[in-house]
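Text of the file query37.cif, holding mmCIF, C-alpha atoms:
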```cif
data_start
#
loop_
_atom_site.group_PDB
_atom_site.id
_atom_site.type_symbol
_atom_site.label_atom_id
_atom_site.label_comp_id
_atom_site.auth_asym_id
_atom_site.auth_seq_id
_atom_site.Cartn_x
_atom_site.Cartn_y
_atom_site.Cartn_z
ATOM 1 C CA MET A 2 35.936 42.654 12.070
ATOM 2 C CA ARG A 3 33.351 39.971 12.829
ATOM 3 C CA GLN A 4 35.578 36.943 12.324
ATOM 4 C CA GLY A 5 38.043 35.959 14.999
ATOM 5 C CA GLN A 6 37.324 38.791 17.441
ATOM 6 C CA GLY A 7 35.590 36.572 19.959
ATOM 7 C CA ASN A 8 33.414 39.385 21.258
ATOM 8 C CA GLY A 9 30.181 37.398 21.097
ATOM 9 C CA MET A 10 29.210 38.681 17.652
ATOM 10 C CA ASP A 11 29.470 35.162 16.181
ATOM 11 C CA GLU A 12 26.443 34.133 18.209
ATOM 12 C CA VAL A 13 24.320 36.804 16.567
ATOM 13 C CA TYR A 14 25.028 35.501 13.096
ATOM 14 C CA GLN A 15 24.284 31.858 13.799
ATOM 15 C CA ARG A 16 21.286 30.183 12.263
ATOM 16 C CA THR A 17 18.232 31.044 14.357
ATOM 17 C CA THR A 18 15.522 29.135 12.533
ATOM 18 C CA GLU A 19 15.054 25.556 11.529
ATOM 19 C CA PRO A 20 14.772 24.778 7.849
ATOM 20 C CA ILE A 21 11.205 24.188 6.688
ATOM 21 C CA GLN A 22 10.439 20.537 6.192
ATOM 22 C CA ASN A 23 8.836 20.058 2.812
ATOM 23 C CA SER A 24 5.644 18.087 3.327
ATOM 24 C CA ASP A 25 5.364 17.536 -0.432
ATOM 25 C CA SER A 26 8.635 15.668 -0.660
ATOM 26 C CA CYS A 27 8.866 13.121 -3.412
ATOM 27 C CA CYS A 28 9.486 9.995 -1.331
ATOM 28 C CA ASN A 29 8.249 8.800 2.016
ATOM 29 C CA LEU A 30 10.956 6.284 2.888
ATOM 30 C CA GLY A 31 9.438 5.976 6.349
ATOM 31 C CA TYR A 32 6.750 3.790 4.757
ATOM 32 C CA LEU A 33 9.418 1.156 4.085
ATOM 33 C CA ARG A 34 10.106 0.985 7.819
ATOM 34 C CA THR A 35 6.536 -0.044 8.606
ATOM 35 C CA HIS A 36 5.346 -3.652 8.616
ATOM 36 C CA LYS A 37 3.140 -3.015 5.579
ATOM 37 C CA GLY A 38 5.994 -1.349 3.700
ATOM 38 C CA ILE A 39 8.346 -4.239 4.424
ATOM 39 C CA LEU A 40 5.682 -6.725 3.314
ATOM 40 C CA LYS A 41 5.061 -4.825 0.068
ATOM 41 C CA LEU A 42 8.787 -4.784 -0.672
ATOM 42 C CA LEU A 43 9.000 -8.500 0.150
ATOM 43 C CA GLN A 44 6.067 -9.193 -2.181
ATOM 44 C CA VAL A 45 7.837 -7.340 -4.998
ATOM 45 C CA ILE A 46 11.081 -9.258 -4.461
ATOM 46 C CA LEU A 47 9.475 -12.700 -4.119
ATOM 47 C CA SER A 48 7.225 -12.168 -7.161
ATOM 48 C CA PHE A 49 10.204 -11.000 -9.199
ATOM 49 C CA VAL A 50 12.354 -13.985 -8.192
ATOM 50 C CA ALA A 51 9.500 -16.420 -8.968
ATOM 51 C CA PHE A 52 9.046 -14.757 -12.361
ATOM 52 C CA ILE A 53 12.773 -14.831 -13.208
ATOM 53 C CA LEU A 54 13.163 -18.472 -12.165
ATOM 54 C CA GLU A 55 10.156 -19.431 -14.235
ATOM 55 C CA GLU A 56 11.562 -17.548 -17.237
ATOM 56 C CA ILE A 57 14.813 -19.543 -17.072
ATOM 57 C CA VAL A 58 12.947 -22.853 -17.528
ATOM 58 C CA GLN A 59 14.035 -24.179 -20.952
ATOM 59 C CA ASN A 60 11.651 -27.052 -21.685
ATOM 60 C CA CYS A 61 8.136 -27.776 -20.582
ATOM 61 C CA MET A 62 5.675 -30.562 -21.168
ATOM 62 C CA HIS A 63 2.754 -28.808 -19.446
ATOM 63 C CA CYS A 64 3.317 -25.301 -20.749
ATOM 64 C CA HIS A 65 -0.132 -23.963 -19.841
ATOM 65 C CA ALA A 66 0.639 -24.206 -16.138
ATOM 66 C CA LEU A 67 4.001 -22.540 -16.742
ATOM 67 C CA TYR A 68 2.425 -19.704 -18.736
ATOM 68 C CA PHE A 69 -0.282 -19.117 -16.157
ATOM 69 C CA PHE A 70 2.334 -18.964 -13.407
ATOM 70 C CA GLU A 71 4.379 -16.595 -15.593
ATOM 71 C CA PHE A 72 1.407 -14.286 -16.102
ATOM 72 C CA VAL A 73 0.491 -14.179 -12.405
ATOM 73 C CA SER A 74 4.053 -13.723 -11.124
ATOM 74 C CA CYS A 75 4.842 -11.001 -13.674
ATOM 75 C CA SER A 76 1.546 -9.202 -12.988
ATOM 76 C CA ALA A 77 2.090 -9.455 -9.239
ATOM 77 C CA PHE A 78 5.602 -8.047 -9.558
ATOM 78 C CA LEU A 79 4.658 -5.099 -11.784
ATOM 79 C CA LEU A 80 1.415 -4.151 -10.045
ATOM 80 C CA THR A 81 2.829 -4.515 -6.529
ATOM 81 C CA PHE A 82 5.833 -2.429 -7.533
ATOM 82 C CA PHE A 83 3.474 0.256 -8.854
ATOM 83 C CA LEU A 84 1.376 0.140 -5.670
ATOM 84 C CA LEU A 85 4.506 0.373 -3.518
ATOM 85 C CA PHE A 86 5.663 3.333 -5.615
ATOM 86 C CA VAL A 87 2.325 5.117 -5.127
ATOM 87 C CA LEU A 88 2.197 4.427 -1.378
ATOM 88 C CA MET A 89 5.701 5.731 -0.717
ATOM 89 C CA THR A 90 5.623 8.849 -2.898
ATOM 90 C CA SER A 91 3.626 12.047 -3.006
ATOM 91 C CA LEU A 92 1.526 10.528 -5.773
ATOM 92 C CA LYS A 93 -0.748 9.067 -3.084
ATOM 93 C CA SER A 94 -1.666 12.539 -1.803
ATOM 94 C CA LYS A 95 -2.080 13.916 -5.322
ATOM 95 C CA LEU A 96 -4.529 11.123 -6.165
ATOM 96 C CA ASN A 97 -6.499 11.671 -2.969
ATOM 97 C CA ARG A 98 -9.893 10.784 -4.471
ATOM 98 C CA ILE A 99 -8.838 7.140 -4.490
ATOM 99 C CA ASN A 100 -9.211 5.192 -1.271
ATOM 100 C CA TRP A 101 -5.740 3.626 -1.318
ATOM 101 C CA THR A 102 -6.418 1.529 1.765
ATOM 102 C CA ARG A 103 -9.323 -0.168 0.017
ATOM 103 C CA VAL A 104 -7.366 -0.544 -3.242
ATOM 104 C CA ASP A 105 -4.452 -2.082 -1.343
ATOM 105 C CA PHE A 106 -6.723 -4.551 0.461
ATOM 106 C CA PHE A 107 -8.652 -5.790 -2.580
ATOM 107 C CA TYR A 108 -5.581 -5.846 -4.813
ATOM 108 C CA THR A 109 -3.663 -7.905 -2.235
ATOM 109 C CA LEU A 110 -6.622 -10.276 -1.835
ATOM 110 C CA VAL A 111 -7.010 -10.891 -5.585
ATOM 111 C CA ILE A 112 -3.282 -11.287 -6.280
ATOM 112 C CA GLY A 113 -2.876 -13.562 -3.241
ATOM 113 C CA ILE A 114 -5.645 -15.858 -4.458
ATOM 114 C CA LEU A 115 -4.331 -15.870 -8.045
ATOM 115 C CA PHE A 116 -0.789 -16.560 -6.850
ATOM 116 C CA LEU A 117 -2.029 -19.452 -4.705
ATOM 117 C CA ILE A 118 -3.937 -20.991 -7.628
ATOM 118 C CA ALA A 119 -1.021 -20.483 -10.029
ATOM 119 C CA ALA A 120 1.481 -22.005 -7.587
ATOM 120 C CA ILE A 121 -0.745 -25.029 -6.933
ATOM 121 C CA VAL A 122 -1.341 -25.614 -10.649
ATOM 122 C CA PHE A 123 2.337 -25.185 -11.511
ATOM 123 C CA ALA A 124 3.354 -27.468 -8.625
ATOM 124 C CA ALA A 125 0.967 -30.154 -9.883
ATOM 125 C CA LYS A 126 1.802 -29.765 -13.582
ATOM 126 C CA ASN A 127 5.538 -29.360 -14.022
ATOM 127 C CA ASP A 128 8.338 -31.549 -15.332
ATOM 128 C CA GLY A 129 9.966 -31.895 -11.915
ATOM 129 C CA SER A 130 13.131 -29.932 -12.643
ATOM 130 C CA ASP A 131 14.869 -28.213 -9.745
ATOM 131 C CA LEU A 132 14.342 -24.838 -11.388
ATOM 132 C CA GLU A 133 10.588 -25.369 -11.601
ATOM 133 C CA LYS A 134 10.416 -26.578 -8.012
ATOM 134 C CA THR A 135 12.363 -23.526 -6.841
ATOM 135 C CA SER A 136 10.085 -21.245 -8.838
ATOM 136 C CA VAL A 137 7.033 -22.880 -7.246
ATOM 137 C CA ALA A 138 8.608 -22.456 -3.802
ATOM 138 C CA PHE A 139 9.062 -18.722 -4.390
ATOM 139 C CA GLY A 140 5.484 -18.588 -5.661
ATOM 140 C CA PHE A 141 4.236 -20.058 -2.389
ATOM 141 C CA LEU A 142 6.470 -17.688 -0.398
ATOM 142 C CA ALA A 143 5.010 -14.738 -2.315
ATOM 143 C CA THR A 144 1.507 -16.089 -1.657
ATOM 144 C CA ILE A 145 2.254 -16.257 2.068
ATOM 145 C CA ALA A 146 3.539 -12.667 1.985
ATOM 146 C CA PHE A 147 0.294 -11.494 0.336
ATOM 147 C CA PHE A 148 -1.884 -13.302 2.877
ATOM 148 C CA VAL A 149 0.175 -12.054 5.846
ATOM 149 C CA ASP A 150 -0.350 -8.545 4.443
ATOM 150 C CA LEU A 151 -4.114 -9.174 4.391
ATOM 151 C CA VAL A 152 -4.149 -10.409 7.990
ATOM 152 C CA LEU A 153 -2.088 -7.417 9.111
ATOM 153 C CA HIS A 154 -4.436 -5.081 7.250
ATOM 154 C CA VAL A 155 -7.517 -6.567 8.938
ATOM 155 C CA GLN A 156 -5.868 -6.400 12.380
ATOM 156 C CA GLN A 157 -4.796 -2.771 11.986
ATOM 157 C CA GLU A 158 -7.642 -1.233 10.006
ATOM 158 C CA GLY A 159 -10.467 -3.743 9.934
ATOM 159 C CA LEU A 160 -12.362 -4.867 6.880
ATOM 160 C CA PRO A 161 -12.631 -2.096 4.280
ATOM 161 C CA TRP A 162 -16.332 -2.617 3.578
ATOM 162 C CA LYS A 163 -17.354 -2.251 7.229
ATOM 163 C CA GLU A 164 -17.800 1.163 8.756
ATOM 164 C CA LYS A 165 -15.535 1.966 11.635
ATOM 165 C CA GLU A 166 -17.180 2.228 15.043
ATOM 166 C CA ASP A 167 -16.578 5.941 15.487
ATOM 167 C CA LYS A 168 -18.000 6.946 12.092
ATOM 168 C CA PRO A 169 -21.692 6.603 13.049
ATOM 169 C CA VAL A 170 -21.109 9.026 15.945
ATOM 170 C CA GLU A 171 -19.526 11.524 13.537
ATOM 171 C CA THR A 172 -22.423 11.058 11.117
ATOM 172 C CA LYS A 173 -24.898 11.650 13.942
ATOM 173 C CA LYS A 174 -23.103 14.882 14.940
ATOM 174 C CA VAL A 175 -23.132 16.108 11.343
ATOM 175 C CA GLU A 176 -26.842 15.353 11.053
ATOM 176 C CA GLU A 177 -27.512 17.294 14.296
ATOM 177 C CA ASN A 178 -25.499 20.262 13.024
ATOM 178 C CA VAL A 179 -27.343 20.251 9.696
ATOM 179 C CA LYS A 180 -30.680 20.082 11.507
ATOM 180 C CA ALA A 181 -29.703 22.990 13.783
ATOM 181 C CA GLU A 182 -28.523 25.097 10.842
ATOM 182 C CA THR A 183 -31.729 24.564 8.888
ATOM 183 C CA GLN A 184 -34.019 25.718 11.719
ATOM 184 C CA PRO A 185 -35.643 29.066 10.937
ATOM 185 C CA LEU A 186 -34.410 31.983 13.008
ATOM 186 C CA ASN A 187 -37.859 33.410 13.578
ATOM 187 C CA GLU A 188 -39.358 30.467 15.460
ATOM 188 C CA GLN A 189 -41.693 31.223 18.362
ATOM 189 C CA GLY A 190 -39.946 33.334 20.899
ATOM 190 C CA ASN A 191 -37.013 34.220 18.648
ATOM 191 C CA ILE A 192 -38.563 37.387 17.186
ATOM 192 C CA PRO A 193 -37.583 40.487 19.125
ATOM 193 C CA VAL A 194 -40.627 42.523 20.217
#
```
Could you write out this structure as structure tokens?
Amino acid sequence: MRQGQGNGMDEVYQRTTEPIQNSDSCCNLGYLRTHKGILKLLQVILSFVAFILEEIVQNCMHCHALYFFEFVSCSAFLLTFFLLFVLMTSLKSKLNRINWTRVDFFYTLVIGILFLIAAIVFAAKNDGSDLEKTSVAFGFLATIAFFVDLVLHVQQEGLPWKEKEDKPVETKKVEENVKAETQPLNEQGNIPV
């Protein structure tokens, strides 16, 4: 009787509520649309390409430079991929005792410096093959991506070891509230007679 009668009953049975958005969804793909998300993804890709190109090198005369570059590029790829995974999933909220902003900053700083050193050493001590030069070029590109991420972090959030300007005001308010709550109720004039 309801279907096809056209008496306005169809309107009653239409969906009246919006579906609940799950705030604990597994992935936050919106993070990849931010500048920091794009930079993290770029760091993963550039580190991976530098690592793969270095792995293809067949012969080396100065293998220590090659191995150091291999270690840094592989570590940068794996650790940045893990950090990107944490930042774009619900794992970040489940591990809420960790200050991920601070971890991201210091990790990016250390890997950027190591990548710069490894790229310089490998550029100075290689056999001059095109594959090695290309690998070094991707190492420098990855280094630039890490340092751009640091600059962006400082511009947006400041240095992680410095207190933000509004925090001392909040601390002062908390201290005033604690002081007010610890005052005895029966101070002079507060006792009913």
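Omitting Glu71 in chain A and its sequence neighbours fewer than 4 positions away, and counting only C-alpha atoms, the residues within 8 Å are Phe52, Glu55, Glu56, Leu67 and Cys75 of chain A.
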Would you save the residues of that selection, restricted to C-alpha atoms, as a PDB file, keeping the file's coordinate frame?
```
ATOM      1  CA  PHE A  52       9.046 -14.757 -12.361  1.00  0.00           C
ATOM      2  CA  GLU A  55      10.156 -19.431 -14.235  1.00  0.00           C
ATOM      3  CA  GLU A  56      11.562 -17.548 -17.237  1.00  0.00           C
ATOM      4  CA  LEU A  67       4.001 -22.540 -16.742  1.00  0.00           C
ATOM      5  CA  CYS A  75       4.842 -11.001 -13.674  1.00  0.00           C
TER       6      CYS A  75
END
```
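Put simply, CA of Leu110 in chain A is 15.9 Å away from CA of Leu79 in chain A.
Between CA of Ile99 in chain A and CA of Phe147 in chain A there is a distance of 21.3 Å.
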Response to the item:
From the list A:Leu153, A:Ala143, A:Val50, A:Ser76, the nearest residue to Gly38 in chain A using all atoms listed in the file is A:Leu153
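Taking CA of Asp128 in chain A and CA of His63 in chain A as the two end points, the separation is 7.5 Å.
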Who sits within 9 Å of Thr135 in chain A, all atoms listed in the file, same chain under 5 positions skipped, as a short mmCIF file (atom, residue, chain, number, x, y, z; two decimals) with C-alpha atoms, in the frame of the given file:
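Output (result16.cif):
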```cif
data_model
loop_
_atom_site.label_atom_id
_atom_site.label_comp_id
_atom_site.auth_asym_id
_atom_site.auth_seq_id
_atom_site.Cartn_x
_atom_site.Cartn_y
_atom_site.Cartn_z
CA ALA A 51 9.50 -16.42 -8.97
CA LEU A 54 13.16 -18.47 -12.16
CA GLU A 55 10.16 -19.43 -14.24
CA SER A 130 13.13 -29.93 -12.64
CA GLY A 140 5.48 -18.59 -5.66
#
```
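Residues within 8 Å of range 112-124 of chain A, counting only C-alpha atoms and excluding same-chain residues fewer than 4 positions away, are A:Ala66, A:Leu67, A:Phe69, A:Phe70, A:Val73, A:Ser74, A:Ala77, A:Tyr108, A:Lys134, A:Val137, A:Gly140, A:Phe141, A:Ala143, A:Thr144, A:Ile145, A:Phe147, A:Phe148.
Checking A:Tyr32, A:Phe107, A:Tyr68, A:Phe49 one by one against Leu85 in chain A, counting only C-alpha atoms, you find the shortest gap at A:Tyr32.
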Worksheet item: Got a sec: who's within 12 Å of Phe86 in chain A, counting only C-alpha atoms, leaving out chain neighbours fewer than 3 positions off, as number ranges by chain?
Response: A: 27-30, 32-33, 38, 41-42, 45, 79-83, 89-93
